[in-house]
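Novice: Questions regarding the structure given below will be posed in turn.
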Amino acid sequence: METFLGLDYPTWWFLVIGGLFSGYAILDGFDFGAGAWHLFFNKELSRRIALNAVGPVWDGNEVWLVIGGGALFAGFPVMYATLFSSLYTPFMLFLVFIIFRAISIEFRGKEEMKWWRKTWDIGYSISSIMLAFLLGVVLGNVLQGIAIGADFQYQGAGFFEFLNPYSLLTGLTTLSLFMAHGAIYLLLKTEGKLYEKLTLLLKRGIIFFIICFSITTIYTLLYIPHLSDAFKSSPELFIVPVATFLSIANVTRLASKKSYRWAFFFSALTISFLLILVAIELYPTLLFSTVSPNYSIDIYNAAASTKTLKIMMRMVAIGGPLVLGYTYFVYRTFKGKVILDETSY
(Lines give C-alpha, C1' and ligand atoms only; values in the text may rest on other atoms or scores of the structure.)
Protein backbone atom coordinates (compact mmCIF):
# COMPACT_ATOMS: atom_id res chain seq x y z
CA MET A 1 0.00 0.00 0.00
CA GLU A 2 1.24 3.46 -0.91
CA THR A 3 2.40 5.70 1.90
CA PHE A 4 3.02 9.39 2.47
CA LEU A 5 5.48 10.52 5.16
CA GLY A 6 5.50 7.00 6.59
CA LEU A 7 1.71 6.60 6.88
CA ASP A 8 -0.68 4.94 4.45
CA TYR A 9 -3.46 7.02 2.94
CA PRO A 10 -6.35 5.44 4.91
CA THR A 11 -4.51 6.40 8.12
CA TRP A 12 -3.99 9.94 6.85
CA TRP A 13 -7.70 10.21 6.04
CA PHE A 14 -8.56 8.84 9.50
CA LEU A 15 -6.49 11.71 10.98
CA VAL A 16 -8.08 14.29 8.68
CA ILE A 17 -11.61 13.26 9.65
CA GLY A 18 -10.60 13.20 13.31
CA GLY A 19 -9.24 16.73 13.00
CA LEU A 20 -12.41 17.99 11.32
CA PHE A 21 -14.72 16.52 13.94
CA SER A 22 -12.44 17.81 16.70
CA GLY A 23 -12.72 21.30 15.25
CA TYR A 24 -16.49 20.93 15.12
CA ALA A 25 -16.70 19.68 18.72
CA ILE A 26 -14.61 22.61 19.99
CA LEU A 27 -16.44 25.30 18.02
CA ASP A 28 -20.06 24.15 17.98
CA GLY A 29 -19.54 22.62 21.42
CA PHE A 30 -19.52 26.00 23.13
CA ASP A 31 -22.57 26.98 21.02
CA PHE A 32 -24.50 24.01 22.36
CA GLY A 33 -23.22 24.64 25.87
CA ALA A 34 -24.26 28.29 25.78
CA GLY A 35 -27.71 27.28 24.54
CA ALA A 36 -28.05 24.64 27.27
CA TRP A 37 -27.65 27.40 29.90
CA HIS A 38 -30.09 29.76 28.16
CA LEU A 39 -33.15 29.12 30.35
CA PHE A 40 -31.06 29.75 33.48
CA PHE A 41 -31.03 33.42 32.50
CA ASN A 42 -34.24 35.03 33.73
CA LYS A 43 -33.97 38.54 32.33
CA GLU A 44 -34.66 39.45 28.71
CA LEU A 45 -31.43 41.49 28.51
CA SER A 46 -29.35 38.55 29.76
CA ARG A 47 -30.88 36.18 27.22
CA ARG A 48 -30.27 38.63 24.39
CA ILE A 49 -26.64 39.09 25.40
CA ALA A 50 -26.10 35.32 25.66
CA LEU A 51 -27.74 34.75 22.30
CA ASN A 52 -25.69 37.46 20.61
CA ALA A 53 -22.51 36.00 22.07
CA VAL A 54 -22.92 33.06 19.68
CA GLY A 55 -24.96 34.92 17.06
CA PRO A 56 -22.10 35.90 14.71
CA VAL A 57 -20.39 32.50 14.76
CA TRP A 58 -22.86 29.64 15.28
CA ASP A 59 -23.66 29.03 11.60
CA GLY A 60 -19.99 29.25 10.59
CA ASN A 61 -19.12 26.65 13.21
CA GLU A 62 -21.43 24.17 11.50
CA VAL A 63 -19.26 24.35 8.38
CA TRP A 64 -16.91 21.96 10.18
CA LEU A 65 -19.73 19.41 10.55
CA VAL A 66 -20.61 19.61 6.85
CA ILE A 67 -16.98 19.20 5.80
CA GLY A 68 -16.45 16.36 8.30
CA GLY A 69 -19.51 14.50 7.06
CA GLY A 70 -18.43 15.00 3.46
CA ALA A 71 -14.92 13.78 4.25
CA LEU A 72 -16.32 10.65 5.93
CA PHE A 73 -18.52 9.94 2.92
CA ALA A 74 -15.69 10.48 0.43
CA GLY A 75 -12.93 8.70 2.33
CA PHE A 76 -14.78 5.85 4.04
CA PRO A 77 -18.06 5.31 2.13
CA VAL A 78 -18.69 1.89 3.71
CA MET A 79 -18.43 3.39 7.19
CA TYR A 80 -20.69 6.30 6.21
CA ALA A 81 -23.39 4.01 4.81
CA THR A 82 -23.36 1.53 7.71
CA LEU A 83 -23.18 4.14 10.46
CA PHE A 84 -26.01 6.31 9.14
CA SER A 85 -28.28 3.36 8.39
CA SER A 86 -27.58 1.74 11.77
CA LEU A 87 -28.12 4.92 13.78
CA TYR A 88 -30.79 6.37 11.54
CA THR A 89 -33.02 7.50 14.42
CA PRO A 90 -30.47 9.58 16.39
CA PHE A 91 -29.14 11.13 13.19
CA MET A 92 -32.62 12.13 12.05
CA LEU A 93 -33.34 13.56 15.50
CA PHE A 94 -30.06 15.46 15.31
CA LEU A 95 -31.09 16.91 11.94
CA VAL A 96 -34.51 17.96 13.29
CA PHE A 97 -33.00 19.66 16.35
CA ILE A 98 -30.27 21.44 14.40
CA ILE A 99 -32.91 22.89 12.08
CA PHE A 100 -35.19 23.83 14.98
CA ARG A 101 -32.28 25.45 16.81
CA ALA A 102 -31.45 27.63 13.81
CA ILE A 103 -35.11 28.63 13.47
CA SER A 104 -35.27 29.51 17.17
CA ILE A 105 -32.23 31.78 16.92
CA GLU A 106 -33.51 33.60 13.84
CA PHE A 107 -37.21 33.85 14.80
CA ARG A 108 -36.83 34.90 18.44
CA GLY A 109 -36.29 38.58 17.77
CA LYS A 110 -38.90 38.96 15.02
CA GLU A 111 -41.72 39.84 17.45
CA GLU A 112 -41.83 41.71 20.76
CA MET A 113 -44.45 39.54 22.56
CA LYS A 114 -43.15 37.79 25.68
CA TRP A 115 -44.85 34.48 24.84
CA TRP A 116 -43.24 34.53 21.38
CA ARG A 117 -39.73 35.07 22.69
CA LYS A 118 -40.19 32.61 25.56
CA THR A 119 -41.36 29.93 23.11
CA TRP A 120 -38.24 30.31 20.97
CA ASP A 121 -36.03 30.53 24.06
CA ILE A 122 -37.34 27.11 25.14
CA GLY A 123 -36.86 25.74 21.62
CA TYR A 124 -33.31 27.09 21.43
CA SER A 125 -32.30 25.67 24.81
CA ILE A 126 -33.91 22.25 24.40
CA SER A 127 -32.46 21.90 20.89
CA SER A 128 -28.96 22.77 22.14
CA ILE A 129 -29.23 20.24 24.97
CA MET A 130 -30.48 17.47 22.69
CA LEU A 131 -27.84 18.14 20.03
CA ALA A 132 -25.01 17.80 22.55
CA PHE A 133 -26.64 14.72 24.07
CA LEU A 134 -27.24 13.02 20.69
CA LEU A 135 -23.63 13.57 19.61
CA GLY A 136 -22.57 11.72 22.75
CA VAL A 137 -25.11 8.96 22.13
CA VAL A 138 -23.71 8.36 18.63
CA LEU A 139 -20.14 8.38 19.96
CA GLY A 140 -21.07 5.92 22.71
CA ASN A 141 -22.54 3.50 20.19
CA VAL A 142 -19.47 3.80 17.95
CA LEU A 143 -17.17 3.03 20.89
CA GLN A 144 -19.26 0.19 22.29
CA GLY A 145 -20.05 -1.39 18.93
CA ILE A 146 -23.12 -2.00 16.81
CA ALA A 147 -24.79 -5.20 15.62
CA ILE A 148 -23.21 -5.40 12.15
CA GLY A 149 -23.45 -8.65 10.22
CA ALA A 150 -22.23 -9.92 6.89
CA ASP A 151 -21.84 -7.36 4.09
CA PHE A 152 -21.83 -4.68 6.81
CA GLN A 153 -25.60 -4.88 7.23
CA TYR A 154 -27.18 -3.69 10.46
CA GLN A 155 -28.79 -6.53 12.43
CA GLY A 156 -30.08 -4.65 15.45
CA ALA A 157 -33.32 -5.77 17.07
CA GLY A 158 -34.90 -2.68 18.56
CA PHE A 159 -35.96 0.78 17.40
CA PHE A 160 -34.34 2.38 20.46
CA GLU A 161 -31.41 0.00 20.71
CA PHE A 162 -29.08 2.98 20.43
CA LEU A 163 -30.30 4.16 23.87
CA ASN A 164 -28.17 1.70 25.84
CA PRO A 165 -26.59 2.52 29.23
CA TYR A 166 -23.16 3.32 27.81
CA SER A 167 -24.45 5.63 25.09
CA LEU A 168 -26.64 7.45 27.64
CA LEU A 169 -23.63 7.96 29.90
CA THR A 170 -21.55 9.21 26.98
CA GLY A 171 -24.39 11.53 25.98
CA LEU A 172 -24.57 13.04 29.47
CA THR A 173 -20.78 13.40 29.59
CA THR A 174 -20.75 15.19 26.25
CA LEU A 175 -23.55 17.49 27.37
CA SER A 176 -21.78 18.33 30.64
CA LEU A 177 -18.48 18.96 28.84
CA PHE A 178 -20.12 21.33 26.36
CA MET A 179 -22.01 23.12 29.14
CA ALA A 180 -18.74 23.87 30.95
CA HIS A 181 -17.12 24.86 27.65
CA GLY A 182 -20.06 27.11 26.78
CA ALA A 183 -20.13 28.79 30.20
CA ILE A 184 -16.45 29.72 29.84
CA TYR A 185 -17.11 31.16 26.38
CA LEU A 186 -20.02 33.25 27.70
CA LEU A 187 -17.80 34.56 30.49
CA LEU A 188 -15.42 35.86 27.84
CA LYS A 189 -18.28 37.68 26.12
CA THR A 190 -20.27 39.13 29.03
CA GLU A 191 -19.94 41.46 32.01
CA GLY A 192 -21.94 42.78 34.96
CA LYS A 193 -24.62 40.69 36.68
CA LEU A 194 -24.74 38.10 33.90
CA TYR A 195 -20.98 37.61 34.27
CA GLU A 196 -21.38 37.05 38.02
CA LYS A 197 -24.17 34.54 37.49
CA LEU A 198 -22.12 32.65 34.93
CA THR A 199 -19.25 32.25 37.40
CA LEU A 200 -21.63 30.26 39.61
CA LEU A 201 -23.07 28.29 36.70
CA LEU A 202 -19.57 27.38 35.52
CA LYS A 203 -18.78 25.82 38.91
CA ARG A 204 -21.91 23.69 38.65
CA GLY A 205 -21.07 22.77 35.07
CA ILE A 206 -17.55 21.64 35.98
CA ILE A 207 -18.88 19.53 38.86
CA PHE A 208 -21.50 18.03 36.54
CA PHE A 209 -18.81 17.15 34.00
CA ILE A 210 -16.38 15.63 36.53
CA ILE A 211 -19.13 13.39 37.94
CA CYS A 212 -20.30 12.25 34.48
CA PHE A 213 -16.75 11.78 33.19
CA SER A 214 -15.73 9.73 36.23
CA ILE A 215 -18.74 7.41 35.99
CA THR A 216 -18.29 6.95 32.23
CA THR A 217 -14.57 6.22 32.64
CA ILE A 218 -15.22 3.57 35.30
CA TYR A 219 -17.98 2.00 33.19
CA THR A 220 -15.66 1.92 30.16
CA LEU A 221 -12.87 0.18 32.07
CA LEU A 222 -15.24 -2.39 33.59
CA TYR A 223 -17.64 -3.17 30.76
CA ILE A 224 -16.05 -2.11 27.44
CA PRO A 225 -12.68 -3.90 27.69
CA HIS A 226 -11.76 -3.70 24.00
CA LEU A 227 -11.26 0.06 24.34
CA SER A 228 -8.26 -0.57 26.62
CA ASP A 229 -6.42 -2.92 24.26
CA ALA A 230 -4.26 -0.24 22.63
CA PHE A 231 -3.06 1.04 26.02
CA LYS A 232 -2.26 -2.47 27.25
CA SER A 233 -0.17 -3.24 24.17
CA SER A 234 1.52 0.20 24.10
CA PRO A 235 1.94 1.58 27.65
CA GLU A 236 3.57 4.75 26.31
CA LEU A 237 0.12 5.81 25.11
CA PHE A 238 -0.89 6.39 28.74
CA ILE A 239 0.59 9.85 28.31
CA VAL A 240 -2.65 10.85 26.55
CA PRO A 241 -5.07 10.04 29.43
CA VAL A 242 -2.60 11.61 31.87
CA ALA A 243 -2.51 14.78 29.75
CA THR A 244 -6.32 14.71 29.62
CA PHE A 245 -6.66 14.58 33.40
CA LEU A 246 -4.10 17.38 33.80
CA SER A 247 -5.98 19.50 31.27
CA ILE A 248 -9.27 18.99 33.13
CA ALA A 249 -7.59 19.92 36.40
CA ASN A 250 -6.14 23.02 34.78
CA VAL A 251 -9.58 24.16 33.61
CA THR A 252 -10.79 23.96 37.21
CA ARG A 253 -7.73 25.81 38.52
CA LEU A 254 -7.93 28.59 35.95
CA ALA A 255 -11.68 29.00 36.41
CA SER A 256 -11.20 29.44 40.16
CA LYS A 257 -8.72 32.24 39.37
CA LYS A 258 -11.14 33.76 36.82
CA SER A 259 -8.52 33.39 34.10
CA TYR A 260 -11.19 32.51 31.57
CA ARG A 261 -9.22 33.03 28.38
CA TRP A 262 -6.74 30.33 29.37
CA ALA A 263 -9.54 28.24 30.87
CA PHE A 264 -11.24 28.27 27.44
CA PHE A 265 -7.97 27.21 25.80
CA PHE A 266 -7.61 24.24 28.15
CA SER A 267 -11.29 23.40 27.80
CA ALA A 268 -10.77 23.18 24.03
CA LEU A 269 -7.59 21.18 24.67
CA THR A 270 -9.56 18.79 26.89
CA ILE A 271 -12.03 18.16 24.07
CA SER A 272 -9.10 17.51 21.73
CA PHE A 273 -7.45 15.09 24.15
CA LEU A 274 -10.71 13.21 24.69
CA LEU A 275 -11.15 12.76 20.95
CA ILE A 276 -7.51 11.67 20.63
CA LEU A 277 -8.33 9.03 23.25
CA VAL A 278 -11.28 7.95 21.11
CA ALA A 279 -9.02 7.73 18.05
CA ILE A 280 -6.47 5.61 19.94
CA GLU A 281 -9.20 3.32 21.29
CA LEU A 282 -10.66 2.79 17.82
CA TYR A 283 -7.68 2.72 15.41
CA PRO A 284 -7.60 1.03 12.97
CA THR A 285 -11.23 0.09 13.58
CA LEU A 286 -13.96 2.56 12.67
CA LEU A 287 -16.98 0.63 13.88
CA PHE A 288 -16.93 -2.48 16.09
CA SER A 289 -19.33 -5.31 15.31
CA THR A 290 -21.03 -6.87 18.34
CA VAL A 291 -22.00 -9.86 16.16
CA SER A 292 -18.46 -10.91 15.25
CA PRO A 293 -15.07 -9.15 15.08
CA ASN A 294 -14.85 -10.39 11.49
CA TYR A 295 -17.65 -8.01 10.55
CA SER A 296 -16.07 -4.92 12.10
CA ILE A 297 -15.38 -1.97 9.80
CA ASP A 298 -11.82 -0.63 9.75
CA ILE A 299 -9.97 2.02 7.79
CA TYR A 300 -8.91 -0.50 5.15
CA ASN A 301 -12.11 -2.37 4.29
CA ALA A 302 -14.09 0.89 4.40
CA ALA A 303 -11.71 3.14 2.45
CA ALA A 304 -12.13 4.52 -1.04
CA SER A 305 -9.42 3.73 -3.57
CA THR A 306 -5.89 4.96 -2.93
CA LYS A 307 -6.11 7.20 -5.99
CA THR A 308 -9.27 8.83 -4.61
CA LEU A 309 -7.66 9.40 -1.21
CA LYS A 310 -4.54 10.91 -2.82
CA ILE A 311 -6.62 13.37 -4.85
CA MET A 312 -8.67 14.35 -1.81
CA MET A 313 -5.53 14.87 0.26
CA ARG A 314 -4.51 17.53 -2.25
CA MET A 315 -7.94 19.14 -1.81
CA VAL A 316 -7.42 19.12 1.96
CA ALA A 317 -4.04 20.79 1.53
CA ILE A 318 -5.75 23.62 -0.36
CA GLY A 319 -9.09 23.84 1.46
CA GLY A 320 -7.85 23.29 5.00
CA PRO A 321 -5.95 26.59 5.30
CA LEU A 322 -8.92 28.41 3.75
CA VAL A 323 -11.33 27.08 6.39
CA LEU A 324 -8.89 27.86 9.18
CA GLY A 325 -8.33 31.34 7.79
CA TYR A 326 -12.07 31.98 7.53
CA THR A 327 -12.62 30.79 11.12
CA TYR A 328 -9.80 32.99 12.42
CA PHE A 329 -11.16 36.02 10.52
CA VAL A 330 -14.68 35.60 11.95
CA TYR A 331 -13.51 35.26 15.56
CA ARG A 332 -11.04 38.10 15.14
CA THR A 333 -13.77 40.36 13.77
CA PHE A 334 -16.26 39.62 16.56
CA LYS A 335 -13.86 39.44 19.50
CA GLY A 336 -14.58 41.25 22.75
CA LYS A 337 -17.66 41.73 24.92
CA VAL A 338 -21.17 41.68 23.44
CA ILE A 339 -22.64 45.09 22.66
CA LEU A 340 -26.32 45.16 21.68
CA ASP A 341 -27.45 47.42 18.84
CA GLU A 342 -30.22 47.59 16.24
CA THR A 343 -28.70 44.68 14.29
CA SER A 344 -28.58 42.32 17.29
CA TYR A 345 -30.88 39.33 17.75
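Every chain in the C-alpha coordinates takes a letter, A first, then B, and so on in the order presented; its residues are numbered from 1, and the ligands are numbered from 1 following the presented order.
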Would you mind listing what lies within 7 Å of range 204-208 of chain A as a PDB file with N, CA and C atoms, in the first residue's frame, with only C-alpha atoms counted and same-chain residues fewer than 5 positions away left out?

Specialist:
ATOM      1  N   SER A 176     -22.409  17.620  29.522  1.00  0.00           N
ATOM      2  CA  SER A 176     -21.776  18.329  30.641  1.00  0.00           C
ATOM      3  C   SER A 176     -20.491  19.015  30.213  1.00  0.00           C
ATOM      4  N   MET A 179     -21.442  22.091  28.270  1.00  0.00           N
ATOM      5  CA  MET A 179     -22.006  23.120  29.143  1.00  0.00           C
ATOM      6  C   MET A 179     -20.897  23.894  29.861  1.00  0.00           C
ATOM      7  N   ALA A 180     -19.885  23.191  30.330  1.00  0.00           N
ATOM      8  CA  ALA A 180     -18.742  23.869  30.955  1.00  0.00           C
ATOM      9  C   ALA A 180     -18.002  24.715  29.926  1.00  0.00           C
TER      10      ALA A 180
END

Novice: Show which residues sit within 8 Å of Phe14 in chain A, as a list in words. Count only C-alpha atoms, and ignore same-chain residues fewer than 4 positions away.

Specialist: Pro10, Gly18 and Ile299 of chain A

Novice: Could you give me, as a list in words, the residues within 9 Å of Lys337 in chain A, counting only C-alpha atoms and dropping anything in the same chain fewer than 4 positions from it?

Specialist: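 So, after excluding close chain neighbours, the residues are Ala53, Leu188, Lys189, Thr190 and Glu191 of chain A.
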
Novice: Need to verify the contact set: range 121-128 of chain A, 9 Å, only C-alpha atoms, exclusion of same-chain residues closer than 3 positions in sequence. Can you return it as a PDB file with N, CA, C and O atoms, in the first residue's frame?

Specialist:
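Ended up saving to selection_0.pdb:
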ATOM      1  N   ASP A  31     -21.235  26.541  21.440  1.00  0.00           N
ATOM      2  CA  ASP A  31     -22.568  26.985  21.020  1.00  0.00           C
ATOM      3  C   ASP A  31     -23.655  26.194  21.743  1.00  0.00           C
ATOM      4  O   ASP A  31     -24.606  26.756  22.298  1.00  0.00           O
ATOM      5  N   PHE A  32     -23.517  24.871  21.699  1.00  0.00           N
ATOM      6  CA  PHE A  32     -24.499  24.015  22.356  1.00  0.00           C
ATOM      7  C   PHE A  32     -24.514  24.249  23.864  1.00  0.00           C
ATOM      8  O   PHE A  32     -25.569  24.259  24.497  1.00  0.00           O
ATOM      9  N   GLY A  33     -23.313  24.405  24.430  1.00  0.00           N
ATOM     10  CA  GLY A  33     -23.222  24.636  25.865  1.00  0.00           C
ATOM     11  C   GLY A  33     -23.873  25.941  26.275  1.00  0.00           C
ATOM     12  O   GLY A  33     -24.600  26.014  27.271  1.00  0.00           O
ATOM     13  N   ALA A  34     -23.641  27.000  25.491  1.00  0.00           N
ATOM     14  CA  ALA A  34     -24.262  28.292  25.780  1.00  0.00           C
ATOM     15  C   ALA A  34     -25.783  28.180  25.685  1.00  0.00           C
ATOM     16  O   ALA A  34     -26.514  28.736  26.518  1.00  0.00           O
ATOM     17  N   GLY A  35     -26.269  27.461  24.686  1.00  0.00           N
ATOM     18  CA  GLY A  35     -27.710  27.276  24.542  1.00  0.00           C
ATOM     19  C   GLY A  35     -28.308  26.459  25.670  1.00  0.00           C
ATOM     20  O   GLY A  35     -29.445  26.704  26.098  1.00  0.00           O
ATOM     21  N   ALA A  36     -27.552  25.479  26.174  1.00  0.00           N
ATOM     22  CA  ALA A  36     -28.049  24.643  27.271  1.00  0.00           C
ATOM     23  C   ALA A  36     -28.272  25.464  28.546  1.00  0.00           C
ATOM     24  O   ALA A  36     -29.153  25.137  29.361  1.00  0.00           O
ATOM     25  N   TRP A  37     -27.501  26.537  28.724  1.00  0.00           N
ATOM     26  CA  TRP A  37     -27.653  27.404  29.903  1.00  0.00           C
ATOM     27  C   TRP A  37     -28.734  28.469  29.704  1.00  0.00           C
ATOM     28  O   TRP A  37     -29.079  29.179  30.653  1.00  0.00           O
ATOM     29  N   HIS A  38     -29.281  28.599  28.518  1.00  0.00           N
ATOM     30  CA  HIS A  38     -30.086  29.764  28.156  1.00  0.00           C
ATOM     31  C   HIS A  38     -31.271  30.002  29.094  1.00  0.00           C
ATOM     32  O   HIS A  38     -31.566  31.144  29.463  1.00  0.00           O
ATOM     33  N   LEU A  39     -31.960  28.951  29.495  1.00  0.00           N
ATOM     34  CA  LEU A  39     -33.145  29.119  30.350  1.00  0.00           C
ATOM     35  C   LEU A  39     -32.777  29.428  31.801  1.00  0.00           C
ATOM     36  O   LEU A  39     -33.669  29.739  32.606  1.00  0.00           O
ATOM     37  N   ARG A  47     -30.685  37.165  28.297  1.00  0.00           N
ATOM     38  CA  ARG A  47     -30.883  36.184  27.225  1.00  0.00           C
ATOM     39  C   ARG A  47     -30.440  36.744  25.875  1.00  0.00           C
ATOM     40  O   ARG A  47     -29.851  36.029  25.062  1.00  0.00           O
ATOM     41  N   PHE A  94     -31.083  14.415  15.328  1.00  0.00           N
ATOM     42  CA  PHE A  94     -30.058  15.463  15.306  1.00  0.00           C
ATOM     43  C   PHE A  94     -30.377  16.487  14.219  1.00  0.00           C
ATOM     44  O   PHE A  94     -30.284  17.701  14.446  1.00  0.00           O
ATOM     45  N   VAL A  96     -33.317  17.203  12.899  1.00  0.00           N
ATOM     46  CA  VAL A  96     -34.506  17.960  13.294  1.00  0.00           C
ATOM     47  C   VAL A  96     -34.139  19.049  14.297  1.00  0.00           C
ATOM     48  O   VAL A  96     -34.540  20.215  14.156  1.00  0.00           O
ATOM     49  N   PHE A  97     -33.355  18.688  15.309  1.00  0.00           N
ATOM     50  CA  PHE A  97     -33.003  19.658  16.346  1.00  0.00           C
ATOM     51  C   PHE A  97     -32.065  20.746  15.829  1.00  0.00           C
ATOM     52  O   PHE A  97     -32.151  21.893  16.273  1.00  0.00           O
ATOM     53  N   ILE A  98     -31.185  20.404  14.901  1.00  0.00           N
ATOM     54  CA  ILE A  98     -30.265  21.436  14.401  1.00  0.00           C
ATOM     55  C   ILE A  98     -31.018  22.441  13.535  1.00  0.00           C
ATOM     56  O   ILE A  98     -30.695  23.640  13.516  1.00  0.00           O
ATOM     57  N   ILE A  99     -32.059  21.974  12.837  1.00  0.00           N
ATOM     58  CA  ILE A  99     -32.909  22.891  12.078  1.00  0.00           C
ATOM     59  C   ILE A  99     -33.742  23.750  13.033  1.00  0.00           C
ATOM     60  O   ILE A  99     -33.836  24.973  12.875  1.00  0.00           O
ATOM     61  N   PHE A 100     -34.336  23.109  14.039  1.00  0.00           N
ATOM     62  CA  PHE A 100     -35.186  23.828  14.977  1.00  0.00           C
ATOM     63  C   PHE A 100     -34.384  24.846  15.778  1.00  0.00           C
ATOM     64  O   PHE A 100     -34.875  25.931  16.098  1.00  0.00           O
ATOM     65  N   ARG A 101     -33.140  24.516  16.079  1.00  0.00           N
ATOM     66  CA  ARG A 101     -32.279  25.451  16.814  1.00  0.00           C
ATOM     67  C   ARG A 101     -32.005  26.697  15.973  1.00  0.00           C
ATOM     68  O   ARG A 101     -32.056  27.827  16.471  1.00  0.00           O
ATOM     69  N   ALA A 102     -31.709  26.500  14.693  1.00  0.00           N
ATOM     70  CA  ALA A 102     -31.448  27.635  13.809  1.00  0.00           C
ATOM     71  C   ALA A 102     -32.693  28.517  13.683  1.00  0.00           C
ATOM     72  O   ALA A 102     -32.602  29.752  13.713  1.00  0.00           O
ATOM     73  N   ILE A 103     -33.851  27.880  13.558  1.00  0.00           N
ATOM     74  CA  ILE A 103     -35.105  28.630  13.466  1.00  0.00           C
ATOM     75  C   ILE A 103     -35.340  29.428  14.743  1.00  0.00           C
ATOM     76  O   ILE A 103     -35.757  30.596  14.697  1.00  0.00           O
ATOM     77  N   SER A 104     -35.067  28.822  15.885  1.00  0.00           N
ATOM     78  CA  SER A 104     -35.270  29.505  17.169  1.00  0.00           C
ATOM     79  C   SER A 104     -34.402  30.747  17.284  1.00  0.00           C
ATOM     80  O   SER A 104     -34.846  31.797  17.757  1.00  0.00           O
ATOM     81  N   ILE A 105     -33.150  30.637  16.863  1.00  0.00           N
ATOM     82  CA  ILE A 105     -32.230  31.783  16.925  1.00  0.00           C
ATOM     83  C   ILE A 105     -32.725  32.914  16.026  1.00  0.00           C
ATOM     84  O   ILE A 105     -32.738  34.081  16.424  1.00  0.00           O
ATOM     85  N   ARG A 108     -36.577  34.360  17.104  1.00  0.00           N
ATOM     86  CA  ARG A 108     -36.834  34.902  18.440  1.00  0.00           C
ATOM     87  C   ARG A 108     -37.054  36.411  18.445  1.00  0.00           C
ATOM     88  O   ARG A 108     -37.959  36.932  19.098  1.00  0.00           O
ATOM     89  N   TRP A 116     -43.963  34.875  22.606  1.00  0.00           N
ATOM     90  CA  TRP A 116     -43.236  34.531  21.380  1.00  0.00           C
ATOM     91  C   TRP A 116     -41.760  34.268  21.698  1.00  0.00           C
ATOM     92  O   TRP A 116     -41.208  33.234  21.324  1.00  0.00           O
ATOM     93  N   ARG A 117     -41.159  35.207  22.392  1.00  0.00           N
ATOM     94  CA  ARG A 117     -39.733  35.068  22.692  1.00  0.00           C
ATOM     95  C   ARG A 117     -39.465  33.912  23.650  1.00  0.00           C
ATOM     96  O   ARG A 117     -38.476  33.194  23.507  1.00  0.00           O
ATOM     97  N   LYS A 118     -40.364  33.717  24.623  1.00  0.00           N
ATOM     98  CA  LYS A 118     -40.190  32.609  25.559  1.00  0.00           C
ATOM     99  C   LYS A 118     -40.285  31.266  24.840  1.00  0.00           C
ATOM    100  O   LYS A 118     -39.537  30.329  25.130  1.00  0.00           O
ATOM    101  N   LEU A 131     -28.911  18.301  21.010  1.00  0.00           N
ATOM    102  CA  LEU A 131     -27.841  18.137  20.028  1.00  0.00           C
ATOM    103  C   LEU A 131     -26.562  17.641  20.689  1.00  0.00           C
ATOM    104  O   LEU A 131     -25.903  16.724  20.183  1.00  0.00           O
ATOM    105  N   ALA A 132     -26.198  18.251  21.827  1.00  0.00           N
ATOM    106  CA  ALA A 132     -25.013  17.798  22.553  1.00  0.00           C
ATOM    107  C   ALA A 132     -25.187  16.360  23.027  1.00  0.00           C
ATOM    108  O   ALA A 132     -24.276  15.532  22.910  1.00  0.00           O
ATOM    109  N   PHE A 133     -26.362  16.055  23.559  1.00  0.00           N
ATOM    110  CA  PHE A 133     -26.637  14.716  24.069  1.00  0.00           C
ATOM    111  C   PHE A 133     -26.594  13.682  22.944  1.00  0.00           C
ATOM    112  O   PHE A 133     -25.992  12.605  23.097  1.00  0.00           O
TER     113      PHE A 133
END

Novice: For Gly319 in chain A, which residue out of A:Ile67, A:Ile17, A:Met113, A:Ile280 is the nearest one, using only C-alpha atoms?

Specialist: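 Once distances to Gly319 in chain A are computed over only C-alpha atoms, the minimum belongs to A:Ile67.
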